[in-house]
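**Student:** You'll find target-v1.cif just under this line, and it carries mmCIF, C-alpha atoms and all ligand atoms.
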data_protein
#
loop_
_atom_site.label_atom_id
_atom_site.label_comp_id
_atom_site.auth_asym_id
_atom_site.auth_seq_id
_atom_site.Cartn_x
_atom_site.Cartn_y
_atom_site.Cartn_z
CA MET A 1 20.80 -21.75 -18.12
CA THR A 2 20.57 -25.24 -16.66
CA GLU A 3 22.64 -24.45 -13.56
CA LEU A 4 19.67 -22.41 -12.39
CA ASP A 5 17.80 -25.67 -11.83
CA SER A 6 19.67 -25.99 -8.53
CA VAL A 7 19.00 -22.39 -7.44
CA THR A 8 15.89 -21.17 -5.67
CA ILE A 9 14.86 -17.55 -5.10
CA GLU A 10 13.12 -16.83 -1.78
CA GLN A 11 11.68 -13.76 -0.11
CA LEU A 12 12.75 -13.63 3.55
CA ASP A 13 10.65 -12.45 6.49
CA GLY A 14 12.28 -10.61 9.39
CA ASP A 15 13.29 -13.73 11.33
CA ALA A 16 14.72 -15.39 8.24
CA ALA A 17 16.57 -12.16 7.41
CA LEU A 18 18.16 -12.18 10.89
CA ALA A 19 19.16 -15.82 10.46
CA ALA A 20 20.69 -15.02 7.07
CA ILE A 21 22.96 -12.23 8.37
CA PRO A 22 26.18 -14.33 8.44
CA ASP A 23 25.69 -15.41 4.79
CA LEU A 24 24.62 -11.93 3.65
CA THR A 25 27.63 -10.41 5.43
CA GLU A 26 29.90 -12.80 3.55
CA ILE A 27 28.30 -11.87 0.20
CA LEU A 28 28.66 -8.13 0.86
CA HIS A 29 32.25 -8.58 2.02
CA ASP A 30 33.01 -10.60 -1.11
CA ALA A 31 31.51 -7.91 -3.37
CA VAL A 32 33.50 -5.11 -1.73
CA ALA A 33 36.71 -7.17 -1.67
CA ASN A 34 36.24 -7.76 -5.41
CA GLY A 35 35.92 -4.04 -6.13
CA ALA A 36 32.15 -3.47 -6.36
CA SER A 37 30.92 0.03 -5.54
CA VAL A 38 28.02 -0.93 -3.28
CA GLY A 39 28.13 1.63 -0.49
CA PHE A 40 31.26 0.44 1.34
CA MET A 41 35.01 0.94 1.23
CA GLU A 42 37.76 -1.68 1.41
CA TRP A 43 38.59 -0.53 4.93
CA ASN A 44 35.08 -1.32 6.19
CA THR A 45 35.00 -4.15 8.74
CA GLN A 46 32.92 -7.27 9.26
CA ASP A 47 31.05 -5.33 11.96
CA ASP A 48 30.14 -2.65 9.41
CA PHE A 49 28.75 -5.25 7.00
CA GLU A 50 26.87 -7.06 9.76
CA GLY A 51 25.46 -3.77 11.05
CA PHE A 52 24.19 -2.98 7.58
CA TRP A 53 22.31 -6.29 7.41
CA ARG A 54 20.93 -5.91 10.94
CA GLY A 55 19.41 -2.63 9.74
CA VAL A 56 17.99 -4.31 6.66
CA ALA A 57 16.48 -7.12 8.78
CA ALA A 58 14.77 -4.51 10.97
CA GLU A 59 13.33 -2.84 7.87
CA VAL A 60 12.14 -6.22 6.58
CA THR A 61 10.39 -6.84 9.91
CA ALA A 62 8.79 -3.39 9.63
CA GLU A 63 7.70 -4.31 6.08
CA ARG A 64 9.57 -1.37 4.56
CA ILE A 65 12.01 -3.56 2.59
CA LEU A 66 11.43 -6.80 0.67
CA LEU A 67 14.54 -8.98 0.85
CA PHE A 68 15.25 -11.75 -1.65
CA VAL A 69 17.95 -14.39 -1.58
CA ALA A 70 19.18 -16.99 -4.04
CA ARG A 71 20.15 -20.35 -2.57
CA ASP A 72 22.02 -23.23 -4.11
CA GLU A 73 23.19 -26.47 -2.50
CA SER A 74 25.96 -24.52 -0.69
CA GLY A 75 23.62 -21.94 0.89
CA ILE A 76 22.83 -18.31 0.11
CA VAL A 77 24.75 -17.12 -2.96
CA GLY A 78 22.92 -13.92 -3.91
CA THR A 79 20.52 -11.25 -2.75
CA ALA A 80 18.44 -8.26 -3.87
CA GLN A 81 16.12 -5.76 -2.21
CA LEU A 82 12.96 -3.91 -3.15
CA HIS A 83 12.28 -0.64 -1.31
CA PRO A 84 8.69 0.53 -1.87
CA THR A 85 8.80 4.33 -1.73
CA ALA A 86 7.22 5.61 1.49
CA LYS A 87 6.29 9.07 0.18
CA PRO A 88 2.51 9.58 -0.03
CA ASN A 89 2.79 11.03 -3.54
CA GLN A 90 4.76 8.04 -4.91
CA PRO A 91 2.60 5.01 -4.12
CA HIS A 92 3.39 3.52 -7.53
CA ARG A 93 7.20 3.61 -7.20
CA ALA A 94 9.88 1.39 -5.66
CA GLU A 95 13.67 1.17 -5.77
CA ILE A 96 15.82 -1.89 -6.34
CA ALA A 97 18.96 -2.06 -4.21
CA LYS A 98 21.94 -4.22 -3.27
CA VAL A 99 21.77 -6.77 -6.05
CA LEU A 100 24.72 -8.97 -5.12
CA VAL A 101 25.81 -12.39 -6.30
CA GLU A 102 28.80 -14.09 -4.70
CA SER A 103 31.70 -13.96 -7.14
CA ARG A 104 32.00 -17.76 -7.38
CA ALA A 105 28.30 -18.04 -8.36
CA ARG A 106 28.18 -15.34 -11.06
CA ARG A 107 27.34 -15.77 -14.75
CA ARG A 108 24.77 -18.50 -14.10
CA GLY A 109 21.69 -16.28 -14.41
CA ILE A 110 21.26 -15.73 -10.65
CA GLY A 111 21.41 -11.93 -10.91
CA GLU A 112 18.72 -12.06 -13.58
CA ALA A 113 16.56 -14.41 -11.49
CA LEU A 114 16.83 -12.11 -8.46
CA MET A 115 15.84 -9.11 -10.59
CA ARG A 116 12.85 -10.95 -12.03
CA ALA A 117 11.70 -11.93 -8.52
CA ALA A 118 12.00 -8.33 -7.28
CA GLU A 119 10.15 -7.01 -10.33
CA ALA A 120 7.33 -9.55 -9.91
CA ALA A 121 6.99 -8.64 -6.22
CA ALA A 122 6.88 -4.94 -7.12
CA LEU A 123 4.10 -5.53 -9.60
CA ALA A 124 2.16 -7.58 -7.03
CA LEU A 125 2.36 -4.57 -4.69
CA GLY A 126 1.14 -2.22 -7.43
CA ARG A 127 4.57 -0.61 -7.73
CA ASP A 128 4.91 -0.42 -11.49
CA LEU A 129 7.64 2.22 -11.70
CA LEU A 130 11.05 1.03 -10.55
CA VAL A 131 14.33 2.93 -10.28
CA LEU A 132 17.89 1.97 -9.45
CA ASP A 133 21.43 3.15 -9.92
CA THR A 134 24.68 1.31 -10.41
CA ASP A 135 28.39 1.69 -11.08
CA GLU A 136 28.73 2.89 -14.67
CA ALA A 137 31.52 0.36 -15.36
CA GLY A 138 30.15 -2.74 -13.58
CA ALA A 139 28.51 -5.93 -14.88
CA ALA A 140 25.18 -4.84 -13.40
CA ARG A 141 24.77 -2.13 -16.05
CA ARG A 142 24.67 -4.79 -18.79
CA LEU A 143 22.26 -6.88 -16.72
CA TYR A 144 19.78 -4.03 -16.31
CA ASN A 145 19.95 -3.08 -19.98
CA ARG A 146 19.36 -6.70 -20.94
CA LEU A 147 16.28 -6.83 -18.68
CA GLY A 148 14.67 -3.87 -20.43
CA TRP A 149 15.60 -1.09 -18.04
CA THR A 150 16.06 2.40 -19.49
CA GLU A 151 19.23 4.33 -18.79
CA VAL A 152 18.54 7.92 -17.76
CA GLY A 153 22.15 9.02 -17.52
CA THR A 154 25.38 8.83 -15.59
CA ILE A 155 26.45 11.20 -12.83
CA PRO A 156 30.26 11.38 -12.71
CA ARG A 157 31.96 11.03 -9.31
CA TYR A 158 28.66 10.06 -7.66
CA ALA A 159 30.37 7.57 -5.37
CA LEU A 160 33.75 6.01 -4.67
CA MET A 161 35.11 2.61 -5.57
CA PRO A 162 36.19 0.55 -2.52
CA ASP A 163 39.81 1.63 -3.15
CA GLY A 164 38.91 5.34 -3.21
CA ARG A 165 38.82 5.98 -6.96
CA ASP A 166 35.91 7.98 -8.37
CA CYS A 167 32.89 6.01 -9.56
CA GLY A 168 30.18 7.35 -11.86
CA SER A 169 26.66 6.07 -11.21
CA THR A 170 24.24 5.25 -14.01
CA PHE A 171 20.55 5.75 -13.19
CA PHE A 172 17.84 3.52 -14.64
CA TYR A 173 14.08 3.19 -14.58
CA LYS A 174 11.64 0.51 -15.70
CA THR A 175 7.89 0.64 -16.11
CA LEU A 176 6.42 -2.77 -15.43
CA SER A 177 3.45 -4.30 -17.13
CA ARG A 178 1.66 -7.52 -16.21
CA GLU A 179 2.30 -9.01 -19.64
CA ALA A 180 6.08 -8.59 -19.32
CA CYS A 181 6.49 -10.24 -15.90
C1 LIG A 201 25.83 -7.61 -11.19
C2 LIG A 201 25.70 -9.00 -10.61
C3 LIG A 201 24.64 -9.02 -9.52
C4 LIG A 201 25.27 -9.96 -11.74
O1 LIG A 201 25.06 -11.26 -11.16
P1 LIG A 201 25.12 -12.59 -12.06
O2 LIG A 201 24.51 -13.68 -11.28
O3 LIG A 201 26.49 -12.80 -12.59
O4 LIG A 201 24.14 -12.17 -13.26
P2 LIG A 201 23.70 -13.06 -14.51
O5 LIG A 201 24.35 -14.40 -14.44
O6 LIG A 201 22.22 -13.00 -14.58
O7 LIG A 201 24.30 -12.23 -15.74
C5 LIG A 201 25.69 -11.97 -15.79
C6 LIG A 201 26.28 -12.45 -17.12
O8 LIG A 201 26.32 -13.86 -17.14
C7 LIG A 201 25.75 -14.32 -18.37
N1 LIG A 201 25.18 -15.63 -18.10
C8 LIG A 201 24.03 -15.89 -17.44
N2 LIG A 201 23.86 -17.22 -17.37
C9 LIG A 201 24.91 -17.80 -17.98
C10 LIG A 201 25.30 -19.13 -18.22
N3 LIG A 201 24.57 -20.16 -17.80
N4 LIG A 201 26.49 -19.35 -18.85
C11 LIG A 201 27.24 -18.32 -19.25
N5 LIG A 201 26.93 -17.02 -19.06
C12 LIG A 201 25.77 -16.77 -18.44
C13 LIG A 201 24.75 -13.26 -18.72
O9 LIG A 201 24.40 -13.26 -20.08
C14 LIG A 201 25.50 -12.02 -18.33
O10 LIG A 201 26.41 -11.66 -19.35
P3 LIG A 201 27.02 -10.17 -19.47
O11 LIG A 201 27.95 -9.99 -18.31
O12 LIG A 201 27.72 -10.18 -20.77
O13 LIG A 201 25.86 -9.23 -19.41
C15 LIG A 201 27.07 -9.50 -10.07
O14 LIG A 201 28.05 -9.33 -11.07
C16 LIG A 201 27.51 -8.78 -8.82
O15 LIG A 201 27.14 -9.16 -7.71
N6 LIG A 201 28.34 -7.72 -9.00
C17 LIG A 201 28.90 -6.98 -7.85
C18 LIG A 201 27.87 -6.22 -7.12
C19 LIG A 201 27.18 -5.17 -7.97
O16 LIG A 201 27.81 -4.37 -8.65
N7 LIG A 201 25.84 -5.16 -7.87
C20 LIG A 201 25.02 -4.18 -8.50
C21 LIG A 201 24.66 -3.14 -7.51
S1 LIG A 201 23.32 -2.14 -8.11
#
Could you spell out this file's structure in structure tokens?

**Tutor:**
Amino acid sequence: MTELDSVTIEQLDGDAALAAIPDLTEILHDAVANGASVGFMEWNTQDDFEGFWRGVAAEVTAERILLFVARDESGIVGTAQLHPTAKPNQPHRAEIAKVLVESRARRRGIGEALMRAAEAAALALGRDLLVLDTDEAGAARRLYNRLGWTEVGTIPRYALMPDGRDCGSTFFYKTLSREAC
């Protein structure tokens, strides 16, 4: 995957997350406009997307979310999040969320690189049990299977597609080990 030579994966602090809001807003807008079921509908506005990222930046500043971006020569082209579980009885668990790669930058291994960065960061934090869920029919399901995640099952009608159709969500987990990362 030679194209990845020109892509870097970075973890952003709170200030960098704030500075990245315009690019992240564009990536989220692009995903929704292209039919991804990622929490928003096609009628959501730029303000809605920006507000979402302002909330994420605040959580990054509070050290409750780890935010990763992929950059190429054109700027930020992808992102992923790690949410360490806050519950006292789940100190070993974290959730992966909002894995998004701009449509023009897909199929170059950027999604995989973002996932590997989030998994490595989880392991460094001692979070060796990861969970996530995704649209049962999207490209992400293949990505997670390829990266060794285990499918638990699919809940029909869990969410909506941006155009209002039903969307089943497939739930995954992965137990990390130092050797694998
Ligand atoms: C899911 C998503 C993040 C994947 O991002 P990506 O950067 O395209 O991921 P990768 O490039 O690592 O893998 C995608 C495919 O490209 C292939 N690929 C990777 N590098 C490649 C290369 N250099 N040449 C050709 N194909 C390549 C992979 O094998 C994979 O194939 P598959 O679709 O048959 O599984 C992206 O499609 C996306 O943003 N989707 C919309 C949002 C979404 O649904 N996110 C998940 C929310 S949980």

**Student:** Give me, as an MDAnalysis selection string, all polymer residues having an atom no more than 10 Å from Val56 (chain A), counting all atoms listed in the file and skipping those fewer than 5 positions away in the same chain.

**Tutor:** chainID A and resid 14 17:18 21 50:51 61:62 64:67 81

**Student:** Can you measure CA of Ala80 (chain A) to CA of Leu114 (chain A) for me? One decimal in Å is fine.

**Tutor:**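 It comes out at 6.2 Å.
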
**Student:** Would you please work out which residue, of A:His92, A:Arg71, A:His29, A:Arg54, is nearest to Val131 (chain A) when using all atoms listed in the file?

**Tutor:**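 Closest to Val131 (chain A), using all atoms listed in the file: A:His92.
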
**Student:** At a cut-off of 8 Å and counting all atoms listed in the file, what residues surround ligand LIG 201 (chain A)? Please answer as number ranges by chain.

**Tutor:** A: 1-4, 31-32, 34-38, 78, 96-103, 105-113, 132-135, 138-143, 146

**Student:** Next, dump the selected residues to file, keeping only C-alpha atoms, as a tab-separated table (two decimals), keeping the file's coordinate frame.

**Tutor:**
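What ended up in again-v2.tsv:
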chain	number	residue	atom	x	y	z
A	1	MET	CA	20.80	-21.75	-18.12
A	2	THR	CA	20.57	-25.24	-16.66
A	3	GLU	CA	22.64	-24.45	-13.56
A	4	LEU	CA	19.67	-22.41	-12.39
A	31	ALA	CA	31.51	-7.91	-3.37
A	32	VAL	CA	33.50	-5.11	-1.73
A	34	ASN	CA	36.24	-7.76	-5.41
A	35	GLY	CA	35.92	-4.04	-6.13
A	36	ALA	CA	32.15	-3.47	-6.36
A	37	SER	CA	30.92	0.03	-5.54
A	38	VAL	CA	28.02	-0.93	-3.28
A	78	GLY	CA	22.92	-13.92	-3.91
A	96	ILE	CA	15.82	-1.89	-6.34
A	97	ALA	CA	18.96	-2.06	-4.21
A	98	LYS	CA	21.94	-4.22	-3.27
A	99	VAL	CA	21.77	-6.77	-6.05
A	100	LEU	CA	24.72	-8.97	-5.12
A	101	VAL	CA	25.81	-12.39	-6.30
A	102	GLU	CA	28.80	-14.09	-4.70
A	103	SER	CA	31.70	-13.96	-7.14
A	105	ALA	CA	28.30	-18.04	-8.36
A	106	ARG	CA	28.18	-15.34	-11.06
A	107	ARG	CA	27.34	-15.77	-14.75
A	108	ARG	CA	24.77	-18.50	-14.10
A	109	GLY	CA	21.69	-16.28	-14.41
A	110	ILE	CA	21.26	-15.73	-10.65
A	111	GLY	CA	21.41	-11.93	-10.91
A	112	GLU	CA	18.72	-12.06	-13.58
A	113	ALA	CA	16.56	-14.41	-11.49
A	132	LEU	CA	17.89	1.97	-9.45
A	133	ASP	CA	21.43	3.15	-9.92
A	134	THR	CA	24.68	1.31	-10.41
A	135	ASP	CA	28.39	1.69	-11.08
A	138	GLY	CA	30.15	-2.74	-13.58
A	139	ALA	CA	28.51	-5.93	-14.88
A	140	ALA	CA	25.18	-4.84	-13.40
A	141	ARG	CA	24.77	-2.13	-16.05
A	142	ARG	CA	24.67	-4.79	-18.79
A	143	LEU	CA	22.26	-6.88	-16.72
A	146	ARG	CA	19.36	-6.70	-20.94

**Student:** Go through A:Gln11, A:Thr175, A:Thr170, A:Thr150 one by one, measure the shortest atom-to-atom distance of each to Leu130 (chain A) using all atoms listed in the file, and give the residue with the smallest value.

**Tutor:**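 Residue with the minimum atom-to-atom distance to Leu130 (chain A): A:Thr175.
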
**Student:** From the set A:Val7, A:Ala86, A:Met41, A:Val77, which residue has the shortest atom-to-atom contact distance to Ala20 (chain A), counting only C-alpha atoms?

**Tutor:**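 Ranking A:Val7, A:Ala86, A:Met41, A:Val77 by distance to Ala20 (chain A), first place goes to A:Val77.
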
**Student:** Go through A:Gly148, A:Pro162, A:Pro91, A:Pro22 and flag the residue nearest Glu42 (chain A), using only C-alpha atoms for the distances.

**Tutor:**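 Using only C-alpha atoms, Glu42 (chain A) sits closest to A:Pro162.
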
**Student:** Skipping near chain neighbours, those fewer than 5 positions away, what residues fall within 9 Å of Arg127 (chain A) using all atoms listed in the file, listed as a list in words?

**Tutor:**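 My reading of the contact set: Pro84, Thr85, Pro91, His92, Arg93, Ala94, Glu119, Ala121, Ala122 and Leu176 of chain A.
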
**Student:** Grab the residues selected above and save them as a CSV table (one decimal), in the coordinates of the input with C-alpha atoms.

**Tutor:**
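Now in result.csv:
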chain,number,residue,atom,x,y,z
A,84,PRO,CA,8.7,0.5,-1.9
A,85,THR,CA,8.8,4.3,-1.7
A,91,PRO,CA,2.6,5.0,-4.1
A,92,HIS,CA,3.4,3.5,-7.5
A,93,ARG,CA,7.2,3.6,-7.2
A,94,ALA,CA,9.9,1.4,-5.7
A,119,GLU,CA,10.2,-7.0,-10.3
A,121,ALA,CA,7.0,-8.6,-6.2
A,122,ALA,CA,6.9,-4.9,-7.1
A,176,LEU,CA,6.4,-2.8,-15.4

**Student:** Mind checking which residues fall within 9 Å of Glu151 (chain A), counting only C-alpha atoms, ignoring those fewer than 5 positions away in the same chain, and posting them as a short mmCIF file (atom, residue, chain, number, x, y, z; two decimals) with C-alpha atoms, in the coordinates of the input?

**Tutor:**
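Written output follows (selection_0.cif):
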data_model
loop_
_atom_site.label_atom_id
_atom_site.label_comp_id
_atom_site.auth_asym_id
_atom_site.auth_seq_id
_atom_site.Cartn_x
_atom_site.Cartn_y
_atom_site.Cartn_z
CA ARG A 141 24.77 -2.13 -16.05
CA TYR A 144 19.78 -4.03 -16.31
CA ASN A 145 19.95 -3.08 -19.98
CA THR A 170 24.24 5.25 -14.01
CA PHE A 171 20.55 5.75 -13.19
CA PHE A 172 17.84 3.52 -14.64
CA TYR A 173 14.08 3.19 -14.58
#
